[in-house]
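Q: Structure file target16.txt (compact mmCIF, N, CA and C atoms) is given on the next line.
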```txt
# COMPACT_ATOMS: atom_id res chain seq x y z
N MET S 1 -7.50 34.33 0.01
CA MET S 1 -7.40 35.61 -0.66
C MET S 1 -7.21 35.43 -2.16
N LYS S 2 -6.40 34.43 -2.54
CA LYS S 2 -6.16 34.16 -3.95
C LYS S 2 -7.45 33.79 -4.68
N LYS S 3 -8.29 33.01 -4.01
CA LYS S 3 -9.55 32.59 -4.63
C LYS S 3 -10.46 33.79 -4.88
N ILE S 4 -10.47 34.73 -3.97
CA ILE S 4 -11.32 35.91 -4.12
C ILE S 4 -10.85 36.74 -5.31
N VAL S 5 -9.55 36.92 -5.43
CA VAL S 5 -9.00 37.70 -6.55
C VAL S 5 -9.32 37.01 -7.87
N ILE S 6 -9.14 35.72 -7.93
CA ILE S 6 -9.45 34.95 -9.15
C ILE S 6 -10.94 35.06 -9.47
N PHE S 7 -11.77 34.99 -8.44
CA PHE S 7 -13.22 35.11 -8.63
C PHE S 7 -13.56 36.45 -9.27
N PHE S 8 -13.02 37.55 -8.77
CA PHE S 8 -13.32 38.88 -9.31
C PHE S 8 -12.74 39.06 -10.71
N ILE S 9 -11.61 38.47 -10.97
CA ILE S 9 -11.05 38.54 -12.32
C ILE S 9 -11.97 37.81 -13.29
N LEU S 10 -12.48 36.66 -12.90
CA LEU S 10 -13.40 35.91 -13.76
C LEU S 10 -14.70 36.69 -13.99
N ILE S 11 -15.21 37.33 -12.96
CA ILE S 11 -16.43 38.14 -13.12
C ILE S 11 -16.16 39.29 -14.09
N PHE S 12 -15.02 39.95 -13.94
CA PHE S 12 -14.66 41.05 -14.83
C PHE S 12 -14.55 40.57 -16.28
N LEU S 13 -13.85 39.47 -16.50
CA LEU S 13 -13.69 38.96 -17.86
C LEU S 13 -15.01 38.52 -18.46
N THR S 14 -15.88 37.92 -17.64
CA THR S 14 -17.21 37.52 -18.12
C THR S 14 -18.01 38.76 -18.52
N GLY S 15 -17.96 39.80 -17.71
CA GLY S 15 -18.67 41.04 -18.03
C GLY S 15 -18.13 41.66 -19.30
N LEU S 16 -16.84 41.66 -19.46
CA LEU S 16 -16.22 42.21 -20.67
C LEU S 16 -16.63 41.41 -21.90
N PHE S 17 -16.63 40.10 -21.77
CA PHE S 17 -17.06 39.25 -22.89
C PHE S 17 -18.52 39.52 -23.24
N MET S 18 -19.39 39.61 -22.23
CA MET S 18 -20.81 39.85 -22.50
C MET S 18 -21.02 41.22 -23.13
N TYR S 19 -20.31 42.21 -22.66
CA TYR S 19 -20.42 43.56 -23.25
C TYR S 19 -20.06 43.50 -24.74
N ASN S 20 -18.92 42.90 -25.05
CA ASN S 20 -18.50 42.81 -26.46
C ASN S 20 -19.47 41.96 -27.27
N TYR S 21 -19.95 40.89 -26.71
CA TYR S 21 -20.88 40.01 -27.43
C TYR S 21 -22.17 40.75 -27.76
N ILE S 22 -22.72 41.46 -26.78
CA ILE S 22 -24.01 42.14 -26.98
C ILE S 22 -23.86 43.37 -27.87
N PHE S 23 -22.92 44.23 -27.57
CA PHE S 23 -22.83 45.50 -28.27
C PHE S 23 -22.16 45.40 -29.64
N ASN S 24 -21.23 44.50 -29.78
CA ASN S 24 -20.54 44.40 -31.07
C ASN S 24 -21.21 43.43 -32.03
N SER S 25 -22.13 42.64 -31.55
CA SER S 25 -22.77 41.66 -32.43
C SER S 25 -24.05 42.21 -33.06
N LYS S 26 -24.40 43.43 -32.71
CA LYS S 26 -25.60 44.09 -33.26
C LYS S 26 -26.89 43.41 -32.82
N ARG S 27 -26.86 42.59 -31.79
CA ARG S 27 -28.08 41.95 -31.29
C ARG S 27 -29.05 42.97 -30.72
N ILE S 28 -28.53 44.00 -30.11
CA ILE S 28 -29.41 45.02 -29.54
C ILE S 28 -30.11 45.78 -30.65
N ASP S 29 -29.38 46.13 -31.70
CA ASP S 29 -30.01 46.83 -32.82
C ASP S 29 -31.09 45.96 -33.46
N PHE S 30 -30.86 44.67 -33.52
CA PHE S 30 -31.87 43.76 -34.05
C PHE S 30 -33.14 43.84 -33.20
N TYR S 31 -32.98 43.81 -31.88
CA TYR S 31 -34.13 43.90 -30.98
C TYR S 31 -34.84 45.25 -31.15
N LEU S 32 -34.08 46.33 -31.23
CA LEU S 32 -34.67 47.65 -31.38
C LEU S 32 -35.44 47.78 -32.68
N ASP S 33 -34.92 47.18 -33.74
CA ASP S 33 -35.63 47.21 -35.02
C ASP S 33 -36.87 46.34 -35.00
N LYS S 34 -36.82 45.24 -34.27
CA LYS S 34 -37.96 44.31 -34.22
C LYS S 34 -39.07 44.84 -33.32
N TYR S 35 -38.74 45.51 -32.23
CA TYR S 35 -39.74 46.02 -31.28
C TYR S 35 -39.52 47.52 -31.05
N PRO S 36 -39.73 48.33 -32.09
CA PRO S 36 -39.38 49.75 -31.98
C PRO S 36 -40.26 50.55 -31.01
N ASN S 37 -41.43 50.08 -30.69
CA ASN S 37 -42.33 50.86 -29.84
C ASN S 37 -42.37 50.41 -28.38
N SER S 38 -41.46 49.53 -28.01
CA SER S 38 -41.50 49.04 -26.63
C SER S 38 -40.79 50.01 -25.69
N GLN S 39 -41.22 49.98 -24.43
CA GLN S 39 -40.57 50.80 -23.41
C GLN S 39 -39.12 50.36 -23.21
N ILE S 40 -38.89 49.09 -23.35
CA ILE S 40 -37.54 48.56 -23.18
C ILE S 40 -36.62 49.12 -24.27
N ALA S 41 -37.14 49.25 -25.50
CA ALA S 41 -36.33 49.78 -26.59
C ALA S 41 -35.89 51.21 -26.29
N GLN S 42 -36.79 52.02 -25.75
CA GLN S 42 -36.43 53.40 -25.41
C GLN S 42 -35.37 53.42 -24.33
N PHE S 43 -35.53 52.59 -23.32
CA PHE S 43 -34.56 52.51 -22.24
C PHE S 43 -33.20 52.05 -22.77
N ILE S 44 -33.20 51.05 -23.65
CA ILE S 44 -31.96 50.53 -24.20
C ILE S 44 -31.23 51.62 -24.99
N ASP S 45 -31.98 52.34 -25.83
CA ASP S 45 -31.34 53.43 -26.59
C ASP S 45 -30.75 54.48 -25.66
N LEU S 46 -31.46 54.79 -24.59
CA LEU S 46 -30.95 55.77 -23.63
C LEU S 46 -29.68 55.28 -22.96
N VAL S 47 -29.67 54.03 -22.54
CA VAL S 47 -28.48 53.46 -21.88
C VAL S 47 -27.30 53.39 -22.84
N ILE S 48 -27.55 52.97 -24.07
CA ILE S 48 -26.46 52.91 -25.04
C ILE S 48 -25.92 54.31 -25.32
N GLY S 49 -26.82 55.29 -25.37
CA GLY S 49 -26.36 56.67 -25.53
C GLY S 49 -25.47 57.10 -24.38
N LYS S 50 -25.86 56.75 -23.16
CA LYS S 50 -25.04 57.10 -21.99
C LYS S 50 -23.69 56.39 -22.03
N ILE S 51 -23.69 55.13 -22.43
CA ILE S 51 -22.43 54.39 -22.53
C ILE S 51 -21.52 55.04 -23.58
N ASN S 52 -22.10 55.39 -24.72
CA ASN S 52 -21.30 56.07 -25.75
C ASN S 52 -20.76 57.40 -25.23
N TYR S 53 -21.58 58.13 -24.50
CA TYR S 53 -21.15 59.40 -23.91
C TYR S 53 -19.97 59.18 -22.97
N LEU S 54 -20.07 58.19 -22.09
CA LEU S 54 -19.01 57.91 -21.13
C LEU S 54 -17.73 57.42 -21.82
N LYS S 55 -17.88 56.73 -22.95
CA LYS S 55 -16.72 56.26 -23.70
C LYS S 55 -16.08 57.37 -24.53
N GLY S 56 -16.77 58.51 -24.65
CA GLY S 56 -16.25 59.60 -25.46
C GLY S 56 -16.66 59.50 -26.92
N ASP S 57 -17.57 58.59 -27.22
CA ASP S 57 -18.09 58.42 -28.59
C ASP S 57 -19.30 59.34 -28.73
N TYR S 58 -19.04 60.64 -28.84
CA TYR S 58 -20.10 61.64 -28.76
C TYR S 58 -21.04 61.61 -29.96
N GLU S 59 -20.51 61.29 -31.12
CA GLU S 59 -21.36 61.25 -32.32
C GLU S 59 -22.45 60.19 -32.18
N ASN S 60 -22.05 58.98 -31.77
CA ASN S 60 -23.05 57.91 -31.59
C ASN S 60 -23.95 58.17 -30.40
N ALA S 61 -23.43 58.85 -29.40
CA ALA S 61 -24.27 59.21 -28.25
C ALA S 61 -25.40 60.11 -28.70
N ILE S 62 -25.09 61.12 -29.50
CA ILE S 62 -26.12 62.04 -29.98
C ILE S 62 -27.14 61.30 -30.85
N ILE S 63 -26.67 60.37 -31.67
CA ILE S 63 -27.59 59.58 -32.50
C ILE S 63 -28.58 58.82 -31.62
N ARG S 64 -28.06 58.16 -30.58
CA ARG S 64 -28.95 57.40 -29.68
C ARG S 64 -29.91 58.31 -28.93
N PHE S 65 -29.41 59.42 -28.42
CA PHE S 65 -30.28 60.33 -27.67
C PHE S 65 -31.37 60.91 -28.58
N ASN S 66 -31.03 61.21 -29.82
CA ASN S 66 -32.04 61.70 -30.75
C ASN S 66 -33.09 60.64 -31.06
N ARG S 67 -32.67 59.37 -31.10
CA ARG S 67 -33.65 58.29 -31.29
C ARG S 67 -34.64 58.25 -30.14
N VAL S 68 -34.13 58.44 -28.92
CA VAL S 68 -35.01 58.44 -27.74
C VAL S 68 -36.02 59.58 -27.86
N ILE S 69 -35.57 60.74 -28.29
CA ILE S 69 -36.44 61.91 -28.38
C ILE S 69 -37.46 61.75 -29.51
N ASN S 70 -37.02 61.28 -30.66
CA ASN S 70 -37.87 61.26 -31.85
C ASN S 70 -38.74 60.03 -32.00
N ASN S 71 -38.33 58.90 -31.42
CA ASN S 71 -39.03 57.65 -31.70
C ASN S 71 -39.89 57.12 -30.55
N TYR S 72 -39.76 57.69 -29.37
CA TYR S 72 -40.43 57.10 -28.23
C TYR S 72 -41.28 58.11 -27.48
N TYR S 73 -41.92 57.65 -26.43
CA TYR S 73 -42.95 58.47 -25.79
C TYR S 73 -42.77 58.69 -24.29
N ILE S 74 -41.85 58.04 -23.63
CA ILE S 74 -41.70 58.23 -22.18
C ILE S 74 -40.98 59.55 -21.94
N GLU S 75 -41.69 60.50 -21.33
CA GLU S 75 -41.20 61.86 -21.20
C GLU S 75 -39.91 61.96 -20.39
N ASN S 76 -39.79 61.22 -19.30
CA ASN S 76 -38.59 61.31 -18.47
C ASN S 76 -37.35 60.90 -19.25
N TYR S 77 -37.47 59.88 -20.08
CA TYR S 77 -36.33 59.45 -20.88
C TYR S 77 -35.97 60.53 -21.90
N LYS S 78 -36.98 61.19 -22.46
CA LYS S 78 -36.71 62.27 -23.42
C LYS S 78 -35.97 63.43 -22.75
N LEU S 79 -36.39 63.77 -21.53
CA LEU S 79 -35.72 64.85 -20.81
C LEU S 79 -34.26 64.49 -20.54
N GLN S 80 -34.03 63.26 -20.13
CA GLN S 80 -32.64 62.81 -19.91
C GLN S 80 -31.84 62.91 -21.20
N ALA S 81 -32.46 62.50 -22.31
CA ALA S 81 -31.77 62.53 -23.59
C ALA S 81 -31.41 63.97 -23.98
N TYR S 82 -32.36 64.91 -23.81
CA TYR S 82 -32.05 66.31 -24.11
C TYR S 82 -30.88 66.81 -23.26
N PHE S 83 -30.92 66.48 -21.97
CA PHE S 83 -29.86 66.95 -21.08
C PHE S 83 -28.51 66.37 -21.48
N TYR S 84 -28.49 65.07 -21.81
CA TYR S 84 -27.23 64.46 -22.23
C TYR S 84 -26.76 65.00 -23.57
N ILE S 85 -27.68 65.35 -24.46
CA ILE S 85 -27.27 65.96 -25.72
C ILE S 85 -26.57 67.28 -25.44
N ALA S 86 -27.15 68.08 -24.55
CA ALA S 86 -26.51 69.36 -24.20
C ALA S 86 -25.13 69.12 -23.60
N GLN S 87 -25.01 68.14 -22.73
CA GLN S 87 -23.71 67.85 -22.13
C GLN S 87 -22.72 67.34 -23.18
N THR S 88 -23.23 66.58 -24.13
CA THR S 88 -22.36 66.09 -25.20
C THR S 88 -21.85 67.25 -26.04
N TYR S 89 -22.74 68.19 -26.34
CA TYR S 89 -22.29 69.39 -27.06
C TYR S 89 -21.21 70.13 -26.27
N GLU S 90 -21.41 70.22 -24.97
CA GLU S 90 -20.38 70.86 -24.13
C GLU S 90 -19.05 70.15 -24.25
N LYS S 91 -19.08 68.82 -24.18
CA LYS S 91 -17.84 68.04 -24.27
C LYS S 91 -17.15 68.25 -25.61
N ARG S 92 -17.94 68.49 -26.65
CA ARG S 92 -17.39 68.71 -27.98
C ARG S 92 -17.03 70.18 -28.22
N ASN S 93 -17.14 70.99 -27.18
CA ASN S 93 -16.88 72.44 -27.26
C ASN S 93 -17.79 73.14 -28.26
N ASP S 94 -19.00 72.61 -28.41
CA ASP S 94 -20.02 73.23 -29.25
C ASP S 94 -20.98 73.98 -28.32
N LYS S 95 -20.49 75.11 -27.82
CA LYS S 95 -21.23 75.86 -26.79
C LYS S 95 -22.57 76.39 -27.32
N LYS S 96 -22.61 76.77 -28.59
CA LYS S 96 -23.85 77.31 -29.16
C LYS S 96 -24.98 76.30 -29.06
N ASN S 97 -24.75 75.07 -29.51
CA ASN S 97 -25.79 74.04 -29.45
C ASN S 97 -26.07 73.60 -28.02
N ALA S 98 -25.05 73.59 -27.18
CA ALA S 98 -25.25 73.25 -25.77
C ALA S 98 -26.19 74.27 -25.13
N ILE S 99 -25.93 75.55 -25.37
CA ILE S 99 -26.76 76.61 -24.78
C ILE S 99 -28.19 76.53 -25.31
N GLU S 100 -28.35 76.28 -26.61
CA GLU S 100 -29.69 76.16 -27.18
C GLU S 100 -30.47 75.00 -26.54
N THR S 101 -29.80 73.88 -26.34
CA THR S 101 -30.47 72.71 -25.76
C THR S 101 -30.79 72.94 -24.29
N TYR S 102 -29.85 73.51 -23.55
CA TYR S 102 -30.13 73.84 -22.15
C TYR S 102 -31.28 74.85 -22.05
N PHE S 103 -31.28 75.83 -22.94
CA PHE S 103 -32.34 76.84 -22.91
C PHE S 103 -33.70 76.21 -23.18
N PHE S 104 -33.74 75.26 -24.11
CA PHE S 104 -34.98 74.55 -24.41
C PHE S 104 -35.51 73.85 -23.15
N LEU S 105 -34.64 73.14 -22.45
CA LEU S 105 -35.05 72.46 -21.22
C LEU S 105 -35.50 73.45 -20.16
N LYS S 106 -34.78 74.53 -20.00
CA LYS S 106 -35.13 75.54 -19.00
C LYS S 106 -36.48 76.18 -19.32
N GLN S 107 -36.71 76.46 -20.59
CA GLN S 107 -37.93 77.16 -21.00
C GLN S 107 -39.16 76.27 -20.94
N TYR S 108 -39.07 75.04 -21.43
CA TYR S 108 -40.25 74.19 -21.55
C TYR S 108 -40.46 73.23 -20.38
N TYR S 109 -39.42 73.00 -19.60
CA TYR S 109 -39.52 72.07 -18.47
C TYR S 109 -38.91 72.67 -17.21
N PRO S 110 -39.32 73.88 -16.83
CA PRO S 110 -38.66 74.58 -15.71
C PRO S 110 -38.86 73.92 -14.35
N ASP S 111 -39.91 73.14 -14.19
CA ASP S 111 -40.21 72.53 -12.89
C ASP S 111 -39.60 71.15 -12.72
N THR S 112 -38.88 70.68 -13.72
CA THR S 112 -38.25 69.36 -13.62
C THR S 112 -36.80 69.51 -13.17
N ASN S 113 -36.24 68.43 -12.70
CA ASN S 113 -34.82 68.45 -12.31
C ASN S 113 -33.93 68.82 -13.50
N TYR S 114 -34.29 68.31 -14.68
CA TYR S 114 -33.47 68.58 -15.87
C TYR S 114 -33.57 70.04 -16.27
N GLY S 115 -34.75 70.63 -16.16
CA GLY S 115 -34.92 72.05 -16.45
C GLY S 115 -34.14 72.91 -15.47
N GLN S 116 -34.16 72.54 -14.20
CA GLN S 116 -33.43 73.30 -13.18
C GLN S 116 -31.92 73.13 -13.34
N ASP S 117 -31.49 71.90 -13.65
CA ASP S 117 -30.06 71.68 -13.89
C ASP S 117 -29.59 72.42 -15.15
N ALA S 118 -30.46 72.48 -16.15
CA ALA S 118 -30.13 73.21 -17.38
C ALA S 118 -29.96 74.70 -17.07
N ALA S 119 -30.82 75.24 -16.22
CA ALA S 119 -30.70 76.65 -15.84
C ALA S 119 -29.36 76.90 -15.14
N LYS S 120 -28.94 75.98 -14.30
CA LYS S 120 -27.64 76.12 -13.62
C LYS S 120 -26.49 76.06 -14.62
N ARG S 121 -26.60 75.15 -15.59
CA ARG S 121 -25.54 75.05 -16.60
C ARG S 121 -25.48 76.32 -17.44
N LEU S 122 -26.66 76.90 -17.75
CA LEU S 122 -26.68 78.15 -18.52
C LEU S 122 -25.99 79.27 -17.75
N GLU S 123 -26.26 79.35 -16.46
CA GLU S 123 -25.60 80.36 -15.63
C GLU S 123 -24.09 80.15 -15.64
N PHE S 124 -23.67 78.90 -15.52
CA PHE S 124 -22.25 78.57 -15.52
C PHE S 124 -21.61 78.96 -16.85
N LEU S 125 -22.24 78.58 -17.96
CA LEU S 125 -21.68 78.90 -19.27
C LEU S 125 -21.68 80.40 -19.54
N ASP S 126 -22.69 81.08 -19.02
CA ASP S 126 -22.80 82.53 -19.19
C ASP S 126 -21.70 83.25 -18.42
N SER S 127 -21.20 82.65 -17.37
CA SER S 127 -20.17 83.29 -16.55
C SER S 127 -18.82 83.37 -17.28
N PHE S 128 -18.68 82.65 -18.39
CA PHE S 128 -17.43 82.66 -19.17
C PHE S 128 -17.45 83.67 -20.30
N LYS S 129 -18.53 84.41 -20.46
CA LYS S 129 -18.61 85.38 -21.56
C LYS S 129 -17.86 86.64 -21.24
```
Translate the structure described by the file into structure tokens.

A:
Amino acid sequence: MKKIVIFFILIFLTGLFMYNYIFNSKRIDFYLDKYPNSQIAQFIDLVIGKINYLKGDYENAIIRFNRVINNYYIENYKLQAYFYIAQTYEKRNDKKNAIETYFFLKQYYPDTNYGQDAAKRLEFLDSFK
């Protein structure tokens, strides 16, 4: 049992070290600047935006999500970025921008999961008026 606990502690510490090494050393930004048009770059920006969102770093999350929307071409990633931007605005109690972003998704992408989820969020936010 002791060996298993030590094993998981080592895995956790290794993961923590790798996270700090990759994200704090700016290696990812170097890759994104070197290969700005790659599909991997768009995915990386989206994931970093989600990580920032989960950490509560909403300003950097919005920056990353806007990069996905403005710099890349994979539509599904852009829809995710719009939805996360709206959720980030909600977390920041910026209801006006959240509603505008949800409305955009509902209006222009009504047949997608993100458009339908945006419509539900609009109904929810409207119920507080």

Q: In Å, how far is it from atom CA of Phe124 of chain S to atom CA of Phe83 of chain S?

A: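 Atom CA of Phe83 of chain S lies 15.0 Å from atom CA of Phe124 of chain S.
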
Q: Do you have the atom CA of Lys91 of chain S-atom CA of Asn71 of chain S distance handy?

A: 24.7 Å

Q: Which residues, written as an MDAnalysis selection string, have at least one atom at most 8 Å from segment 38-44 of chain S, with all atoms listed in the file counted and residues fewer than 4 positions away on the same chain left out?

A: chainID S and resid 31:34 48:50 64 67:69 71:74 77

Q: Got time to write the residues from that selection, N, CA and C atoms, as a PDB file, keeping the file's coordinate frame?

A:
```pdb
ATOM      1  N   TYR S  31     -32.980  43.810 -31.880  1.00  0.00           N
ATOM      2  CA  TYR S  31     -34.130  43.900 -30.980  1.00  0.00           C
ATOM      3  C   TYR S  31     -34.840  45.250 -31.150  1.00  0.00           C
ATOM      4  N   LEU S  32     -34.080  46.330 -31.230  1.00  0.00           N
ATOM      5  CA  LEU S  32     -34.670  47.650 -31.380  1.00  0.00           C
ATOM      6  C   LEU S  32     -35.440  47.780 -32.680  1.00  0.00           C
ATOM      7  N   ASP S  33     -34.920  47.180 -33.740  1.00  0.00           N
ATOM      8  CA  ASP S  33     -35.630  47.210 -35.020  1.00  0.00           C
ATOM      9  C   ASP S  33     -36.870  46.340 -35.000  1.00  0.00           C
ATOM     10  N   LYS S  34     -36.820  45.240 -34.270  1.00  0.00           N
ATOM     11  CA  LYS S  34     -37.960  44.310 -34.220  1.00  0.00           C
ATOM     12  C   LYS S  34     -39.070  44.840 -33.320  1.00  0.00           C
ATOM     13  N   ILE S  48     -27.550  52.970 -24.070  1.00  0.00           N
ATOM     14  CA  ILE S  48     -26.460  52.910 -25.040  1.00  0.00           C
ATOM     15  C   ILE S  48     -25.920  54.310 -25.320  1.00  0.00           C
ATOM     16  N   GLY S  49     -26.820  55.290 -25.370  1.00  0.00           N
ATOM     17  CA  GLY S  49     -26.360  56.670 -25.530  1.00  0.00           C
ATOM     18  C   GLY S  49     -25.470  57.100 -24.380  1.00  0.00           C
ATOM     19  N   LYS S  50     -25.860  56.750 -23.160  1.00  0.00           N
ATOM     20  CA  LYS S  50     -25.040  57.100 -21.990  1.00  0.00           C
ATOM     21  C   LYS S  50     -23.690  56.390 -22.030  1.00  0.00           C
ATOM     22  N   ARG S  64     -28.060  58.160 -30.580  1.00  0.00           N
ATOM     23  CA  ARG S  64     -28.950  57.400 -29.680  1.00  0.00           C
ATOM     24  C   ARG S  64     -29.910  58.310 -28.930  1.00  0.00           C
ATOM     25  N   ARG S  67     -32.670  59.370 -31.100  1.00  0.00           N
ATOM     26  CA  ARG S  67     -33.650  58.290 -31.290  1.00  0.00           C
ATOM     27  C   ARG S  67     -34.640  58.250 -30.140  1.00  0.00           C
ATOM     28  N   VAL S  68     -34.130  58.440 -28.920  1.00  0.00           N
ATOM     29  CA  VAL S  68     -35.010  58.440 -27.740  1.00  0.00           C
ATOM     30  C   VAL S  68     -36.020  59.580 -27.860  1.00  0.00           C
ATOM     31  N   ILE S  69     -35.570  60.740 -28.290  1.00  0.00           N
ATOM     32  CA  ILE S  69     -36.440  61.910 -28.380  1.00  0.00           C
ATOM     33  C   ILE S  69     -37.460  61.750 -29.510  1.00  0.00           C
ATOM     34  N   ASN S  71     -38.330  58.900 -31.420  1.00  0.00           N
ATOM     35  CA  ASN S  71     -39.030  57.650 -31.700  1.00  0.00           C
ATOM     36  C   ASN S  71     -39.890  57.120 -30.550  1.00  0.00           C
ATOM     37  N   TYR S  72     -39.760  57.690 -29.370  1.00  0.00           N
ATOM     38  CA  TYR S  72     -40.430  57.100 -28.230  1.00  0.00           C
ATOM     39  C   TYR S  72     -41.280  58.110 -27.480  1.00  0.00           C
ATOM     40  N   TYR S  73     -41.920  57.650 -26.430  1.00  0.00           N
ATOM     41  CA  TYR S  73     -42.950  58.470 -25.790  1.00  0.00           C
ATOM     42  C   TYR S  73     -42.770  58.690 -24.290  1.00  0.00           C
ATOM     43  N   ILE S  74     -41.850  58.040 -23.630  1.00  0.00           N
ATOM     44  CA  ILE S  74     -41.700  58.230 -22.180  1.00  0.00           C
ATOM     45  C   ILE S  74     -40.980  59.550 -21.940  1.00  0.00           C
ATOM     46  N   TYR S  77     -37.470  59.880 -20.080  1.00  0.00           N
ATOM     47  CA  TYR S  77     -36.330  59.450 -20.880  1.00  0.00           C
ATOM     48  C   TYR S  77     -35.970  60.530 -21.900  1.00  0.00           C
TER      49      TYR S  77
END
```

Q: Between atom CA of Leu79 of chain S and atom CA of Arg121 of chain S, what is the distance, to one decimal in Å?

A: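 One can read the atom CA of Leu79 of chain S to atom CA of Arg121 of chain S distance as 15.0 Å.
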
Q: Counting only N, CA and C atoms, which of S:Glu75, S:Asp45, S:Asp117, S:Glu123 gets nearest to Ile63 of chain S?

A: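 Going through S:Glu75, S:Asp45, S:Asp117, S:Glu123 one by one, the smallest distance to Ile63 of chain S is for S:Asp45.
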
Q: Hey, can I get the axis-aligned box for segment 47-64 of chain S? All listed atoms, 5 Å padding on each side, centre and edge lengths in Å to one decimal, as JSON.

A:
```
{"center_x": -23.0, "center_y": 57.5, "center_z": -26.8, "size_x": 23.8, "size_y": 19.1, "size_z": 21.4}
```

Q: Counting only N, CA and C atoms, which residues in segment 35-98 of chain S sit no more than 6.5 Å from segment 102-108 of chain S? For each one, give the nearest pair of atoms and the distance in Å, sorted by chain then residue number, as a tab-separated table.

A:
```
residue	atom	partner	partner_atom	distance
S:Ala86	CA	S:Tyr102	N	5.4
S:Asn97	C	S:Tyr102	N	5.9
S:Ala98	C	S:Tyr102	N	4.1
```

Q: Can you check which residues of segment 63-117 of chain S DSSP gives as helix (DSSP H, G or I) on the backbone and send them as a PyMOL selection string?

A: chain S and resi 63-71+75-91+95-108+113-117

Q: Which residue out of S:Ala81, S:Ile28, S:Ile6, S:Ala61 has the minimum interatomic distance to Tyr114 of chain S when only C-alpha atoms are used?

A: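 Ranking S:Ala81, S:Ile28, S:Ile6, S:Ala61 by distance to Tyr114 of chain S, first place goes to S:Ala81.
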
Q: When you count all atoms listed in the file, which of these residues is closest to Tyr82 of chain S: S:Lys120, S:Phe65, S:Lys96, S:Phe128?

A: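 The shortest atom-to-atom distance to Tyr82 of chain S comes from S:Phe65.
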